[in-house]
>>> print(open('my_file_8.txt').read())   # compact mmCIF, C-alpha atoms
# COMPACT_ATOMS: atom_id res chain seq x y z
CA MET A 190 0.00 0.00 0.00
CA ILE A 191 2.82 2.35 1.01
CA HIS A 192 4.76 1.28 -2.10
CA SER A 193 1.89 2.12 -4.44
CA LYS A 194 1.44 5.47 -2.66
CA HIS A 195 5.14 6.30 -3.19
CA LEU A 196 4.89 5.15 -6.80
CA GLY A 197 1.90 7.42 -7.36
CA ILE A 198 3.69 10.40 -5.82
CA GLY A 199 6.79 9.70 -7.93
CA PHE A 200 4.67 9.47 -11.08
CA LEU A 201 2.92 12.75 -10.22
CA ILE A 202 6.28 14.49 -9.64
CA ILE A 203 7.54 13.29 -13.05
CA ILE A 204 4.40 14.53 -14.80
CA LEU A 205 4.45 17.91 -13.02
CA SER A 206 8.21 18.30 -13.71
CA SER A 207 7.64 17.51 -17.40
CA ILE A 208 4.84 20.06 -17.62
CA GLY A 209 7.03 22.56 -15.76
CA PHE A 210 9.88 21.96 -18.23
CA LEU A 211 7.50 22.43 -21.20
CA TYR A 212 6.34 25.80 -19.88
CA SER A 213 9.77 26.93 -18.64
CA GLY A 214 11.09 27.60 -22.17
CA LEU A 215 14.39 25.97 -21.20
CA PHE A 216 14.44 23.55 -24.15
CA PRO A 217 16.98 24.78 -26.76
CA MET A 218 14.83 24.94 -29.91
CA GLY A 219 17.43 26.24 -32.41
CA ALA A 220 18.21 24.22 -35.54
CA ASP A 221 21.90 24.75 -34.78
CA ASN A 222 21.48 22.76 -31.56
CA LYS A 223 21.96 19.05 -32.33
CA HIS A 224 20.02 16.24 -30.66
CA ASN A 225 21.83 13.97 -28.24
CA ALA A 226 22.52 10.42 -29.47
CA PHE A 227 19.48 8.93 -27.73
CA THR A 228 16.98 11.52 -29.03
CA PHE A 229 18.51 11.22 -32.51
CA TRP A 230 18.11 7.43 -32.45
CA VAL A 231 14.50 7.70 -31.24
CA LEU A 232 13.55 10.21 -33.96
CA GLU A 233 15.40 8.36 -36.76
CA THR A 234 13.83 5.04 -35.74
CA LEU A 235 10.41 6.67 -35.58
CA ARG A 236 10.90 8.22 -39.04
CA THR A 237 12.29 5.18 -40.85
CA LYS A 238 9.81 2.70 -39.36
CA SER A 239 6.82 4.97 -39.94
CA ILE A 240 7.70 5.74 -43.57
CA ALA A 241 8.52 2.10 -44.37
CA ARG A 242 5.18 0.94 -42.96
CA ALA A 243 3.14 3.69 -44.61
CA ALA A 244 4.80 3.17 -48.01
CA SER A 245 4.77 -0.64 -48.01
CA ASN A 246 1.55 -1.05 -50.03
CA ILE A 247 2.27 1.58 -52.69
CA GLU A 248 2.51 0.19 -56.23
CA VAL A 249 5.44 1.54 -58.24
CA PRO A 250 4.59 2.37 -61.87
CA PRO A 251 7.19 2.11 -64.70
CA LEU A 252 9.68 4.95 -64.15
CA ASN A 253 11.84 4.75 -67.26
CA SER A 254 10.07 7.23 -69.52
CA PRO A 255 12.02 10.27 -70.76
CA GLN A 256 8.84 12.34 -70.38
CA LEU A 257 8.78 11.52 -66.66
CA LEU A 258 12.39 12.71 -66.37
CA LEU A 259 11.53 16.00 -68.07
CA SER A 260 8.45 16.64 -65.94
CA GLY A 261 10.08 15.48 -62.72
CA GLY A 262 13.36 17.24 -63.50
CA ALA A 263 11.75 20.65 -63.94
CA ASP A 264 9.76 20.21 -60.72
CA TYR A 265 12.85 18.97 -58.83
CA ASN A 266 14.81 22.01 -59.97
CA ASP A 267 12.05 24.38 -58.86
CA MET A 268 11.03 22.78 -55.58
CA CYS A 269 13.72 20.40 -54.30
CA SER A 270 17.19 21.46 -55.46
CA GLY A 271 17.30 24.36 -52.97
CA CYS A 272 17.74 21.81 -50.16
CA HIS A 273 18.64 18.52 -51.91
CA LEU A 274 21.25 20.09 -54.24
CA LYS A 275 22.17 19.88 -57.94
CA PRO A 276 24.98 17.84 -59.55
CA GLY A 277 28.27 19.62 -58.92
CA GLN A 278 27.05 21.21 -55.66
CA GLU A 279 28.34 19.91 -52.33
CA ASP A 280 26.27 22.14 -50.07
CA ASN A 281 24.36 25.39 -49.89
CA ASP A 282 22.79 27.58 -47.20
CA MET A 283 19.68 25.39 -46.82
CA ALA A 284 21.57 22.08 -46.79
CA LEU A 285 23.94 23.44 -44.13
CA GLY A 286 21.31 25.25 -42.08
CA LEU A 287 18.46 22.75 -41.84
CA TYR A 288 18.37 20.23 -39.00
CA PRO A 289 17.98 17.38 -39.60
CA ALA A 290 20.12 17.97 -42.71
CA PRO A 291 18.27 17.23 -45.97
CA PRO A 292 19.83 14.27 -47.83
CA ASN A 293 22.04 15.12 -50.80
CA LEU A 294 20.05 13.44 -53.58
CA THR A 295 22.78 13.96 -56.18
CA VAL A 296 24.68 11.04 -54.69
CA SER A 297 23.50 7.45 -54.41
CA SER A 298 21.13 6.56 -51.56
CA ASP A 299 23.74 4.63 -49.56
CA LYS A 300 25.90 7.78 -49.46
CA HIS A 301 23.44 10.60 -49.04
CA GLY A 302 23.68 10.85 -45.31
CA HIS A 303 20.61 9.57 -43.50
CA ALA A 304 19.29 6.30 -42.21
CA HIS A 305 17.04 4.00 -44.24
CA GLU A 306 14.76 1.27 -42.98
CA ASP A 307 16.88 -1.94 -43.02
CA ASP A 308 18.57 -2.14 -46.42
CA SER A 309 15.92 -0.26 -48.38
CA HIS A 310 18.60 1.72 -50.23
CA ASN A 311 19.54 -1.59 -51.90
CA ASP A 312 15.92 -2.24 -52.87
CA ILE A 313 15.05 0.10 -55.76
CA ASP A 314 11.32 -0.54 -55.42
CA ALA A 315 11.28 0.14 -51.66
CA THR A 316 13.28 3.32 -52.18
CA ALA A 317 10.87 4.52 -54.89
CA LYS A 318 7.84 3.78 -52.69
CA GLN A 319 9.33 5.67 -49.77
CA GLN A 320 10.43 8.62 -51.91
CA PHE A 321 6.90 8.85 -53.35
CA TRP A 322 5.37 8.77 -49.87
CA VAL A 323 7.79 11.39 -48.51
CA ILE A 324 7.23 13.78 -51.44
CA LYS A 325 3.47 13.36 -51.18
CA HIS A 326 3.12 13.58 -47.39
CA GLY A 327 6.27 15.37 -46.25
CA ILE A 328 8.00 14.71 -42.92
CA MET A 329 6.65 16.32 -39.79
CA ALA A 330 8.89 18.94 -38.12
CA SER A 331 11.79 18.32 -40.49
CA GLY A 332 11.50 21.03 -43.13
CA MET A 333 10.29 18.48 -45.73
CA ALA A 334 7.02 19.82 -47.16
CA ALA A 335 4.06 17.71 -48.33
CA PHE A 336 3.52 18.20 -52.06
CA GLY A 337 0.45 15.94 -52.21
CA PRO A 338 -2.07 18.74 -51.63
CA THR A 339 -0.80 20.66 -54.66
CA HIS A 340 0.61 18.00 -57.01
CA ASP A 341 -1.10 14.91 -58.41
CA ASP A 342 0.40 11.41 -58.14
CA GLU A 343 1.64 11.46 -61.74
CA ARG A 344 3.82 14.51 -61.11
CA ILE A 345 5.10 13.06 -57.84
CA TRP A 346 6.06 9.79 -59.58
CA ALA A 347 7.84 11.89 -62.22
CA MET A 348 9.92 13.45 -59.44
CA VAL A 349 10.69 9.96 -58.09
CA ALA A 350 11.77 8.87 -61.61
CA PHE A 351 14.06 11.90 -61.87
CA ILE A 352 15.55 11.42 -58.39
CA LYS A 353 16.31 7.79 -59.30
CA ARG A 354 18.54 8.96 -62.18
CA LEU A 355 19.84 12.13 -60.51
CA PRO A 356 23.08 10.61 -59.09
CA THR A 357 24.08 9.59 -62.65
CA LEU A 358 23.64 13.06 -64.19
CA THR A 359 26.42 15.50 -65.01
CA PRO A 360 25.82 19.22 -64.32
CA GLU A 361 25.36 19.75 -68.09
CA GLN A 362 22.82 16.94 -68.44
CA TYR A 363 20.99 18.23 -65.35
CA GLN A 364 20.77 21.75 -66.81
CA ILE A 365 19.30 20.51 -70.10
CA ILE A 366 16.77 18.10 -68.56
CA THR A 367 15.51 20.49 -65.89
CA ALA A 368 15.11 23.58 -68.10
CA ARG A 369 11.49 24.57 -68.68
CA GLN A 370 10.66 25.53 -72.27
CA MET B 10 -36.63 30.77 -53.49
CA LYS B 11 -34.17 31.98 -50.82
CA ILE B 12 -32.98 28.43 -50.29
CA LEU B 13 -32.43 28.01 -54.03
CA ILE B 14 -30.36 31.23 -54.19
CA LYS B 15 -28.34 30.18 -51.12
CA ARG B 16 -27.63 26.74 -52.62
CA SER B 17 -26.65 28.24 -55.98
CA LEU B 18 -24.26 30.69 -54.31
CA THR B 19 -22.72 27.90 -52.24
CA ALA B 20 -22.30 25.72 -55.34
CA ILE B 21 -20.70 28.56 -57.36
CA THR B 22 -18.35 29.47 -54.49
CA SER B 23 -17.33 25.81 -54.08
CA VAL B 24 -16.61 25.42 -57.80
CA VAL B 25 -14.52 28.62 -57.88
CA LEU B 26 -12.54 27.61 -54.76
CA LEU B 27 -11.99 24.03 -55.95
CA SER B 28 -10.87 25.12 -59.42
CA ASN B 29 -8.35 27.51 -57.83
CA ILE B 30 -7.00 24.69 -55.67
CA ALA B 31 -6.76 22.33 -58.67
CA TYR B 32 -4.79 24.80 -60.78
CA ALA B 33 -2.70 26.25 -57.94
CA HIS B 34 0.35 24.23 -58.92
CA ASP B 35 -0.20 23.37 -62.54
CA ALA B 36 3.17 22.90 -64.29
CA SER B 37 2.67 26.14 -66.22
CA MET B 38 2.55 28.00 -62.88
CA HIS B 39 6.21 27.11 -62.37
CA LYS B 40 7.28 28.69 -65.65
CA LYS B 41 9.20 31.89 -65.12
CA SER B 42 9.63 34.55 -67.75
CA ASN B 43 13.40 34.44 -67.15
CA ALA B 44 13.60 30.61 -66.94
CA GLU B 45 16.88 29.11 -68.16
CA LYS B 46 16.81 27.55 -71.63
CA PRO B 47 18.54 24.17 -72.11
CA LYS B 48 22.21 24.70 -72.93
CA CYS B 49 22.45 22.02 -75.60
CA ALA B 50 25.79 23.28 -76.90
CA ALA B 51 27.34 21.66 -73.80
CA MET B 52 26.57 18.26 -75.34
CA ASN B 53 28.36 18.97 -78.62
CA ASN B 54 31.72 17.91 -77.18
CA ALA B 55 30.35 14.68 -75.66
CA ASP B 56 31.46 11.37 -77.17
CA HIS B 57 28.25 10.32 -78.88
CA SER B 58 29.58 6.87 -79.76
CA LYS B 59 29.46 5.96 -76.06
CA MET B 60 25.90 7.16 -75.60
CA ASP B 61 23.04 4.72 -75.29
CA MET B 62 20.24 5.94 -77.55
CA GLU B 63 17.65 4.01 -75.56
CA ASP B 64 18.68 5.41 -72.20
CA PRO B 65 15.79 7.58 -70.90
CA VAL B 66 18.30 10.28 -69.88
CA MET B 67 19.66 10.54 -73.43
CA LEU B 68 16.14 10.45 -74.88
CA ALA B 69 15.10 13.25 -72.52
CA ILE B 70 18.14 15.33 -73.52
CA MET B 71 17.42 14.75 -77.22
CA ALA B 72 13.76 15.72 -76.72
CA GLN B 73 14.75 18.95 -74.95
CA CYS B 74 17.39 19.89 -77.53
CA MET B 75 15.23 19.00 -80.53
CA LYS B 76 12.38 21.05 -79.04
CA LYS B 77 14.81 23.92 -78.58
CA SER B 78 16.12 23.67 -82.16
CA HIS B 79 12.53 23.74 -83.43
CA THR B 80 11.53 26.69 -81.26
CA THR B 81 14.63 28.84 -81.85
CA ASP B 82 16.32 29.46 -85.14
CA THR B 83 19.84 30.18 -83.94
CA GLY B 84 21.65 28.37 -86.72
CA LYS B 85 23.77 26.57 -84.09
CA LYS B 86 25.07 23.06 -84.67
CA VAL B 87 22.66 20.40 -83.39
CA MET B 88 23.68 17.04 -81.88
CA ASP B 89 24.85 14.37 -84.32
CA HIS B 90 22.90 11.27 -83.31
CA SER B 91 24.07 9.06 -86.15
CA SER B 92 27.07 7.76 -84.23
CA MET B 93 25.14 6.86 -81.08
CA LYS B 94 24.96 3.16 -80.27
CA LYS B 95 21.78 1.18 -79.83
CA SER B 96 21.69 -1.16 -76.84
>>> encode(input="my_file_8.txt", output="structure tokens")
Amino acid sequence: MIHSKHLGIGFLIIILSSIGFLYSGLFPMGADNKHNAFTFWVLETLRTKSIARAASNIEVPPLNSPQLLLSGGADYNDMCSGCHLKPGQEDNDMALGLYPAPPNLTVSSDKHGHAHEDDSHNDIDATAKQQFWVIKHGIMASGMAAFGPTHDDERIWAMVAFIKRLPTLTPEQYQIITARQ
Amino acid sequence: MKILIKRSLTAITSVVLLSNIAYAHDASMHKKSNAEKPKCAAMNNADHSKMDMEDPVMLAIMAQCMKKSHTTDTGKKVMDHSSMKKS
């Protein structure tokens, strides 16, 4: 009886302390303040598991059409390259300033600097599904916007098709494919 | 009568709002008056014999540069595709 009373008091203290911390404003909210290893692991695990589950039933259409590359390339250049870079770029203000850092999509998925669920970067289909889901729905509190409300699935798949070939493009090829005429 | 007018106004407002949402990010909305044109001259020095004519990237580049050569009459040299290989 005494034990359960102490447990209840302890639990109440934890809850009140947590609420006090929330309202104190002591949490460092700046993007230049990095998470500790535990928080980083929790958030990365949450992100990768959630996206892998949500994207698992998406059907990937054929992505090898040049028209998809042209449509997706122009959209990538307008909406994504500011954070995810262009061939020949190693960083820019957005890539350096955002936290978590946006992946550099001009390099292959095993090198672009963030965790993937299991070995999904080796599974082209799983990568395409997850890229489609992320472009459509965005990622909460990360700086990654949801483009689903303003772009139909066909245009999002075109961006996925372009991103798939992006690491193979030279700066010259990128300029030609992404130019709007 | 009042109900009919109210319903008509609601329907018209909904159609106007929905059509604005649908066209908010049409591809043409991304076009800028000062948008970069494809710099196809950069491909003139590429080794075309090593290019795969069925690669979607090469097909996309050809489509962009052919569109450009049809839309502008600059008299510049266009890509020689005769030496490209077929896979």
>>> residues_near_point(input="my_file_8.txt", point="(27.4, 17.6, -74.1)", cutoff="10 Å", atoms="all atoms listed in the file", output="list in words")
Thr359, Glu361, Gln362 and Ile365 of chain A; Lys48, Cys49, Ala50, Ala51, Met52, Asn53, Asn54, Ala55, Asp56, His57, Ile70 and Met88 of chain B
>>> atom_distance(input="my_file_8.txt", atom1="atom CA of A:Leu235", atom2="atom CA of A:Gln319")
14.3 Å
>>> atom_distance(input="my_file_8.txt", atom1="atom CA of A:Asp267", atom2="atom CA of A:Asp221")
26.0 Å
>>> interface_residues(input="my_file_8.txt", of="chain A", to="chain B", cutoff="7 Å", atoms="all atoms listed in the file", output="ChimeraX atom specification")
/A:253-256,258-259,339-340,361,364-366,368-370
>>> write_last_selection(input="my_file_8.txt", atoms="C-alpha atoms", output="PDB file, keeping the file's coordinate frame")
ATOM      1  CA  ASN A 253      11.840   4.750 -67.260  1.00  0.00           C
ATOM      2  CA  SER A 254      10.070   7.230 -69.520  1.00  0.00           C
ATOM      3  CA  PRO A 255      12.020  10.270 -70.760  1.00  0.00           C
ATOM      4  CA  GLN A 256       8.840  12.340 -70.380  1.00  0.00           C
ATOM      5  CA  LEU A 258      12.390  12.710 -66.370  1.00  0.00           C
ATOM      6  CA  LEU A 259      11.530  16.000 -68.070  1.00  0.00           C
ATOM      7  CA  THR A 339      -0.800  20.660 -54.660  1.00  0.00           C
ATOM      8  CA  HIS A 340       0.610  18.000 -57.010  1.00  0.00           C
ATOM      9  CA  GLU A 361      25.360  19.750 -68.090  1.00  0.00           C
ATOM     10  CA  GLN A 364      20.770  21.750 -66.810  1.00  0.00           C
ATOM     11  CA  ILE A 365      19.300  20.510 -70.100  1.00  0.00           C
ATOM     12  CA  ILE A 366      16.770  18.100 -68.560  1.00  0.00           C
ATOM     13  CA  ALA A 368      15.110  23.580 -68.100  1.00  0.00           C
ATOM     14  CA  ARG A 369      11.490  24.570 -68.680  1.00  0.00           C
ATOM     15  CA  GLN A 370      10.660  25.530 -72.270  1.00  0.00           C
TER      16      GLN A 370
END
>>> closest_residue(input="my_file_8.txt", among="A:Ala330, A:Ile352, A:Met283, A:Ala315", to="A:Arg236", atoms="all atoms listed in the file")
A:Ala330
>>> atom_distance(input="my_file_8.txt", atom1="atom CA of A:Met348", atom2="atom CA of A:Ser260")
7.4 Å
>>> residues_near_point(input="my_file_8.txt", point="(10.2, 6.9, -43.2)", cutoff="10 Å", atoms="only C-alpha atoms", output="list in words")
Glu233, Thr234, Leu235, Arg236, Thr237, Lys238, Ser239, Ile240, Ala241, Arg242, Ala243, Ala244, Ala304, His305, Glu306, Gln319, Gln320, Trp322, Val323, Gly327 and Ile328 of chain A
>>> residues_around(input="my_file_8.txt", residues="A:Tyr265", least_positions_apart="3", cutoff="10 Å", atoms="only C-alpha atoms", output="PyMOL selection string")
chain A and resi 258-262+268-271+273-275+345+347-349+351-352+355+367
>>> closest_residue(input="my_file_8.txt", among="A:Ser245, A:Met329, A:Tyr288, A:Gly214", to="A:Phe229", atoms="all atoms listed in the file")
A:Tyr288
